[in-house]
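S.K.: One structure, pasted below without further comment.
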Amino acid sequence: MSDLLSYDEISHLLGCSENLPEVPSGPLRLSSYLEAGESDTREIEKIILSDPALTAGVLRAASSSLFGRQRPVTTAREAIMVMGLRTLRSISMAMYTHALVCQSRHQSHFDPERFARNGNSVGSIANAIFKETFGLTPTYRWNADELYVGGVLHNVMFGLLSYAAPQEFNRLFELGKEEGCDLRTAFEAIHEHSLAELAPRAVKAMCLPEMFDSMIQGIESPSSYPDEESVPYRVLRLSMLLADGSGNGLTPWPNLAEETGELAASLGLSVERVEELAEIGQTRATEFARAA
């Protein structure tokens, strides 16, 4: 195989589990149990406590400002009550997947710290915007906390690409730096396809919940969905653009986009209010990162 990979070769790499980081059994067991509709708190608690890293991550997440906590959550049972089962499932899988990508070998320009900061920033901004716009009980497919998860993992395909094909990641990075564009634009310029189109294969290979596939693809092109269905994806894309423009993107160079104002207006928000919410989100992201 040459250093210059075709789209089909990348598709093969990202669709084979042996080429990707392996998710530990704890979060997979928890996800499978909750996906089956089970809700026995004692069994959920048992699964969490069987994995020390999962326990620590769940307690940290439940104690964060994301859930408005004024004091730390100290038990798995309390964390379950604070987050609820849907959010618990999503956040536990997101934390592990994100950590795996950050801690894996990367022989490329990939920066794990920037990757983590970017995901946390996008997730926190999306959470703040969604709560401002739709409150705590919106009638959409995802809730505000699940949008946080979507933001955290919106960039995971680039982390997986760096893991499976570091030379391809470097190719995108160097083109993006030369052209002053983001990595998504660089990938499409080379392959005439979106990297997000390969999300279903990678999500399946890693046994991740289907929601991650939907969010990874939805953030790329919200306009391809019906108006009502596209709302969460518009929030995620707006949050991604705000993070990119503030210097918290996946690359060291900022990526400014003209569609920010249009997306804000489509959500009934002024650009000024969106910028205020972005600052709130960035503050929460910083607080969460310090607690990690």
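Just remember, in the structure tokens the first chain shown is A, the second B, etc., residues are 1-based per chain, and ligands are 1-based in the order shown.
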Using only C-alpha atoms, which residues of stretch 91-180 of chain A come within 12 Å of stretch 198-208 of chain A, and what is the closest atom pair for each, with the distance in Å to one decimal? Give it as a tab-separated table, sorted by chain and residue number.

M.R.:
```
residue	atom	partner	partner_atom	distance
A:Ile91	CA	A:Leu208	CA	11.8
A:Ser92	CA	A:Leu208	CA	11.0
A:Met93	CA	A:Leu208	CA	7.3
A:Ala94	CA	A:Leu208	CA	9.0
A:Met95	CA	A:Leu208	CA	11.9
A:Tyr96	CA	A:Leu208	CA	10.5
A:Thr97	CA	A:Leu208	CA	8.7
A:His98	CA	A:Leu208	CA	11.9
A:Leu100	CA	A:Met206	CA	11.2
A:Val101	CA	A:Met206	CA	11.9
A:Leu153	CA	A:Ala199	CA	11.3
A:His154	CA	A:Ala199	CA	10.4
A:Asn155	CA	A:Ala199	CA	10.7
A:Val156	CA	A:Ala199	CA	9.2
A:Met157	CA	A:Ala199	CA	7.0
A:Phe158	CA	A:Ala199	CA	10.5
A:Gly159	CA	A:Ala202	CA	11.5
A:Leu160	CA	A:Ala202	CA	8.4
A:Leu161	CA	A:Ala202	CA	10.0
A:Ala164	CA	A:Ala202	CA	11.0
```

S.K.: Please identify every residue of stretch 174-251 of chain A that has at least one atom no farther than 12 Å from an atom of stretch 269-283 of chain A, counting only C-alpha atoms, and for each give the shortest atom pair and the distance in Å to one decimal, arranged by chain then increasing number, as CSV.

M.R.:
```
residue,atom,partner,partner_atom,distance
A:Val235,CA,A:Val274,CA,10.4
A:Leu236,CA,A:Ala278,CA,11.9
A:Leu238,CA,A:Val274,CA,9.0
A:Ser239,CA,A:Ala278,CA,7.5
A:Met240,CA,A:Ala278,CA,10.3
A:Leu241,CA,A:Ala278,CA,10.4
A:Leu242,CA,A:Ala278,CA,7.0
A:Ala243,CA,A:Ala278,CA,8.0
A:Asp244,CA,A:Ala278,CA,11.4
A:Gly245,CA,A:Ala278,CA,10.9
A:Ser246,CA,A:Ala278,CA,9.4
A:Gly247,CA,A:Gln282,CA,11.3
A:Asn248,CA,A:Gln282,CA,9.3
```

S.K.: Would you save the residues of that selection, restricted to N, CA and C atoms, as an mmCIF file, in the first residue's frame?

M.R.:
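Once written, result_37.cif looks like this:
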```cif
data_model
loop_
_atom_site.group_PDB
_atom_site.id
_atom_site.type_symbol
_atom_site.label_atom_id
_atom_site.label_comp_id
_atom_site.auth_asym_id
_atom_site.auth_seq_id
_atom_site.Cartn_x
_atom_site.Cartn_y
_atom_site.Cartn_z
ATOM 1 N N VAL A 235 -27.337 23.047 15.821
ATOM 2 C CA VAL A 235 -26.703 23.479 17.069
ATOM 3 C C VAL A 235 -25.271 22.959 17.134
ATOM 4 N N LEU A 236 -25.080 21.699 16.795
ATOM 5 C CA LEU A 236 -23.739 21.111 16.825
ATOM 6 C C LEU A 236 -22.803 21.785 15.821
ATOM 7 N N LEU A 238 -23.052 24.819 14.499
ATOM 8 C CA LEU A 238 -22.774 26.173 14.962
ATOM 9 C C LEU A 238 -21.724 26.152 16.067
ATOM 10 N N SER A 239 -21.853 25.206 16.989
ATOM 11 C CA SER A 239 -20.894 25.092 18.094
ATOM 12 C C SER A 239 -19.504 24.747 17.584
ATOM 13 N N MET A 240 -19.433 23.866 16.591
ATOM 14 C CA MET A 240 -18.145 23.505 15.991
ATOM 15 C C MET A 240 -17.484 24.730 15.357
ATOM 16 N N LEU A 241 -18.273 25.521 14.632
ATOM 17 C CA LEU A 241 -17.722 26.703 13.979
ATOM 18 C C LEU A 241 -17.260 27.745 14.999
ATOM 19 N N LEU A 242 -18.011 27.893 16.081
ATOM 20 C CA LEU A 242 -17.627 28.843 17.131
ATOM 21 C C LEU A 242 -16.326 28.417 17.798
ATOM 22 N N ALA A 243 -16.187 27.118 18.074
ATOM 23 C CA ALA A 243 -14.951 26.626 18.680
ATOM 24 C C ALA A 243 -13.771 26.804 17.721
ATOM 25 N N ASP A 244 -13.994 26.480 16.447
ATOM 26 C CA ASP A 244 -12.934 26.635 15.447
ATOM 27 C C ASP A 244 -12.490 28.092 15.342
ATOM 28 N N GLY A 245 -13.460 28.992 15.309
ATOM 29 C CA GLY A 245 -13.148 30.404 15.143
ATOM 30 C C GLY A 245 -12.466 31.030 16.341
ATOM 31 N N SER A 246 -12.624 30.419 17.526
ATOM 32 C CA SER A 246 -12.028 30.969 18.738
ATOM 33 C C SER A 246 -10.630 30.429 19.010
ATOM 34 N N GLY A 247 -10.122 29.573 18.126
ATOM 35 C CA GLY A 247 -8.804 28.991 18.344
ATOM 36 C C GLY A 247 -8.843 27.662 19.064
ATOM 37 N N ASN A 248 -10.033 27.132 19.326
ATOM 38 C CA ASN A 248 -10.169 25.837 19.981
ATOM 39 C C ASN A 248 -10.569 24.744 18.996
#
```

S.K.: Compile the contact shell of stretch 31-39 of chain A as a VMD selection string: residues with an atom at most 8 Å away, counting only C-alpha atoms, same-chain residues fewer than 6 positions apart removed.

M.R.: chain A and resid 85 to 86 89 to 90 93 209

S.K.: To one decimal place in Å, what is the distance between atom CA of A:Leu30 and atom CA of A:Asp213?

M.R.: 18.7 Å

S.K.: Would you pick out the contacts of A:Ser64 at 9 Å or less, using only C-alpha atoms, so that residues sharing its chain but fewer than 4 positions from it are not included, and give the list as a CSV table (one decimal) with C-alpha atoms, in the first residue's frame?

M.R.:
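The resulting file, out30.csv, is reproduced below:
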```csv
chain,number,residue,atom,x,y,z
A,59,LEU,CA,-18.5,10.4,39.0
A,60,ARG,CA,-16.5,13.2,37.4
A,68,GLY,CA,-25.4,22.1,37.6
A,69,ARG,CA,-23.8,20.4,40.6
A,70,GLN,CA,-22.7,22.5,43.6
A,71,ARG,CA,-20.9,19.6,45.3
A,72,PRO,CA,-19.2,16.5,44.1
A,73,VAL,CA,-21.1,13.3,43.4
A,284,ARG,CA,-17.7,25.0,31.4
A,287,GLU,CA,-13.9,23.7,34.4
A,288,PHE,CA,-14.5,20.1,33.2
A,291,ALA,CA,-11.6,18.3,37.0
```

S.K.: May I have all residues of stretch 221-275 of chain A that DSSP, computed from the backbone, assigns to helix (DSSP H, G or I), given as a ChimeraX atom specification?

M.R.: /A:222-224,227-245,260-266,271-275

S.K.: Counting only C-alpha atoms, which residue out of A:Gly26, A:Gly268, A:Gly84, A:Gly249 sits closest to A:Cys181?

M.R.: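 So, comparing all the options, the nearest one is A:Gly249.
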
S.K.: Can you tell me how far atom CA of A:Leu28 sits from atom CA of A:Asp8, in Å to one decimal?

M.R.: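 Atom-to-atom, atom CA of A:Leu28 and atom CA of A:Asp8 are spaced 28.4 Å apart.
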
S.K.: When you look at A:Val58 with a cut-off of 7 Å (counting only C-alpha atoms), what residues show up, excluding the ones that are within fewer than 3 positions of it in the same chain? I need them as a ChimeraX atom specification.

M.R.: /A:54-55,61-62,79,92

S.K.: Would you save the residues from that selection as an mmCIF file, in the first residue's frame, using all heavy atoms?

M.R.:
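Once written, out_16.cif looks like this:
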```
data_model
loop_
_atom_site.group_PDB
_atom_site.id
_atom_site.type_symbol
_atom_site.label_atom_id
_atom_site.label_comp_id
_atom_site.auth_asym_id
_atom_site.auth_seq_id
_atom_site.Cartn_x
_atom_site.Cartn_y
_atom_site.Cartn_z
ATOM 1 N N LEU A 54 -14.169 3.497 34.651
ATOM 2 C CA LEU A 54 -15.538 3.900 34.329
ATOM 3 C C LEU A 54 -16.183 4.576 35.529
ATOM 4 O O LEU A 54 -16.859 5.605 35.388
ATOM 5 C CB LEU A 54 -16.359 2.678 33.907
ATOM 6 C CG LEU A 54 -17.841 2.912 33.584
ATOM 7 C CD1 LEU A 54 -17.994 3.927 32.464
ATOM 8 C CD2 LEU A 54 -18.519 1.594 33.214
ATOM 9 N N THR A 55 -15.960 4.028 36.710
ATOM 10 C CA THR A 55 -16.506 4.627 37.937
ATOM 11 C C THR A 55 -16.012 6.055 38.101
ATOM 12 O O THR A 55 -16.794 6.985 38.343
ATOM 13 C CB THR A 55 -16.093 3.799 39.168
ATOM 14 O OG1 THR A 55 -16.547 2.463 39.003
ATOM 15 C CG2 THR A 55 -16.688 4.390 40.434
ATOM 16 N N ALA A 61 -18.060 13.163 35.621
ATOM 17 C CA ALA A 61 -19.044 13.772 34.728
ATOM 18 C C ALA A 61 -20.268 14.249 35.498
ATOM 19 O O ALA A 61 -20.765 15.365 35.285
ATOM 20 C CB ALA A 61 -19.456 12.768 33.651
ATOM 21 N N ALA A 62 -20.766 13.412 36.412
ATOM 22 C CA ALA A 62 -21.967 13.769 37.176
ATOM 23 C C ALA A 62 -21.719 14.952 38.098
ATOM 24 O O ALA A 62 -22.659 15.689 38.432
ATOM 25 C CB ALA A 62 -22.441 12.566 37.986
ATOM 26 N N ALA A 79 -24.787 9.236 40.912
ATOM 27 C CA ALA A 79 -24.479 9.639 39.542
ATOM 28 C C ALA A 79 -25.570 9.181 38.585
ATOM 29 O O ALA A 79 -25.958 9.916 37.668
ATOM 30 C CB ALA A 79 -23.129 9.061 39.116
ATOM 31 N N SER A 92 -20.872 7.683 29.176
ATOM 32 C CA SER A 92 -19.889 6.655 29.511
ATOM 33 C C SER A 92 -19.159 6.178 28.258
ATOM 34 O O SER A 92 -17.934 6.002 28.264
ATOM 35 C CB SER A 92 -20.568 5.477 30.221
ATOM 36 O OG SER A 92 -21.507 4.839 29.379
#
```

S.K.: Need the shell around A:Ile47: protein/DNA/RNA residues with any atom at most 8 Å away, counting only C-alpha atoms. Skip same-chain ones fewer than 2 positions apart. Format as a PDB file with N, CA and C atoms, in the first residue's frame?

M.R.:
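For reference, out-v2.pdb as written:
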```
ATOM      1  N   GLY A  26     -16.217  -2.730  30.099  1.00  0.00           N
ATOM      2  CA  GLY A  26     -17.104  -2.051  31.043  1.00  0.00           C
ATOM      3  C   GLY A  26     -18.129  -1.153  30.380  1.00  0.00           C
ATOM      4  N   ARG A  29     -20.562  -3.152  28.134  1.00  0.00           N
ATOM      5  CA  ARG A  29     -21.570  -3.879  28.915  1.00  0.00           C
ATOM      6  C   ARG A  29     -22.669  -2.926  29.385  1.00  0.00           C
ATOM      7  N   LEU A  30     -22.260  -1.758  29.856  1.00  0.00           N
ATOM      8  CA  LEU A  30     -23.224  -0.778  30.339  1.00  0.00           C
ATOM      9  C   LEU A  30     -24.119  -0.311  29.198  1.00  0.00           C
ATOM     10  N   GLU A  43     -28.117  -3.286  39.232  1.00  0.00           N
ATOM     11  CA  GLU A  43     -27.285  -3.923  38.213  1.00  0.00           C
ATOM     12  C   GLU A  43     -26.434  -2.890  37.478  1.00  0.00           C
ATOM     13  N   ILE A  44     -27.014  -1.722  37.196  1.00  0.00           N
ATOM     14  CA  ILE A  44     -26.260  -0.651  36.542  1.00  0.00           C
ATOM     15  C   ILE A  44     -25.095  -0.225  37.429  1.00  0.00           C
ATOM     16  N   GLU A  45     -25.384  -0.068  38.702  1.00  0.00           N
ATOM     17  CA  GLU A  45     -24.349   0.304  39.665  1.00  0.00           C
ATOM     18  C   GLU A  45     -23.241  -0.759  39.700  1.00  0.00           C
ATOM     19  N   LEU A  49     -19.285  -0.099  38.886  1.00  0.00           N
ATOM     20  CA  LEU A  49     -18.278  -0.321  39.918  1.00  0.00           C
ATOM     21  C   LEU A  49     -17.294  -1.431  39.561  1.00  0.00           C
ATOM     22  N   SER A  50     -17.641  -2.257  38.578  1.00  0.00           N
ATOM     23  CA  SER A  50     -16.722  -3.322  38.170  1.00  0.00           C
ATOM     24  C   SER A  50     -15.532  -2.791  37.376  1.00  0.00           C
ATOM     25  N   ASP A  51     -15.615  -1.536  36.955  1.00  0.00           N
ATOM     26  CA  ASP A  51     -14.558  -0.920  36.156  1.00  0.00           C
ATOM     27  C   ASP A  51     -14.137   0.384  36.835  1.00  0.00           C
TER      28      ASP A  51
END
```

S.K.: Could you give me, as a list of chain:residue names, the residues within 9 Å of A:Leu5, counting only C-alpha atoms and dropping anything in the same chain fewer than 5 positions from it?

M.R.: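 The residues that qualify are A:Ile10, A:Ala165, A:Gln167, A:Glu168.
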
S.K.: Please save N, CA, C and O atoms of the selected residues as a PDB file, in the first residue's frame.

M.R.:
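As a result, part.pdb now contains:
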```
ATOM      1  N   ILE A  10      -9.043   3.812   2.774  1.00  0.00           N
ATOM      2  CA  ILE A  10      -9.362   4.409   4.078  1.00  0.00           C
ATOM      3  C   ILE A  10     -10.629   3.779   4.640  1.00  0.00           C
ATOM      4  O   ILE A  10     -10.713   3.480   5.837  1.00  0.00           O
ATOM      5  N   ALA A 165      -4.117   5.444  10.040  1.00  0.00           N
ATOM      6  CA  ALA A 165      -3.352   5.857   8.856  1.00  0.00           C
ATOM      7  C   ALA A 165      -2.685   7.208   9.116  1.00  0.00           C
ATOM      8  O   ALA A 165      -3.123   8.236   8.594  1.00  0.00           O
ATOM      9  N   GLN A 167      -0.048   8.612   8.058  1.00  0.00           N
ATOM     10  CA  GLN A 167       0.449   9.337   6.887  1.00  0.00           C
ATOM     11  C   GLN A 167      -0.669  10.092   6.188  1.00  0.00           C
ATOM     12  O   GLN A 167      -0.471  11.172   5.626  1.00  0.00           O
ATOM     13  N   GLU A 168      -1.905   9.547   6.237  1.00  0.00           N
ATOM     14  CA  GLU A 168      -3.050  10.224   5.629  1.00  0.00           C
ATOM     15  C   GLU A 168      -3.451  11.437   6.455  1.00  0.00           C
ATOM     16  O   GLU A 168      -3.803  12.490   5.901  1.00  0.00           O
TER      17      GLU A 168
END
```

S.K.: Please report the interatomic distance between atom CA of A:Asn19 and atom CA of A:Leu4 in Å with one decimal.

M.R.: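 Answer for the atom CA of A:Asn19 to atom CA of A:Leu4 separation: 17.5 Å.
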
S.K.: Go through A:Asp227, A:Thr41, A:Ser221, A:Glu113 and flag the residue nearest A:Glu78, using only C-alpha atoms for the distances.

M.R.: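 Result for the nearest residue to A:Glu78: A:Thr41.
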
S.K.: From the set A:Pro232, A:Gly123, A:Gly176, A:Pro24, which residue has the shortest atom-to-atom contact distance to A:Ile219, counting only C-alpha atoms?

M.R.: A:Pro232

S.K.: Which is closer to A:Ala116 than all the others in A:Val82, A:Leu14, A:Leu256, A:Val152, using only C-alpha atoms?

M.R.: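 For A:Ala116, the nearest of the given residues is A:Val152.
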
S.K.: Determine the nearest neighbour of A:Thr87 from the options A:Val122, A:Leu147, A:Ala56, A:Val23, counting only C-alpha atoms.

M.R.: A:Leu147
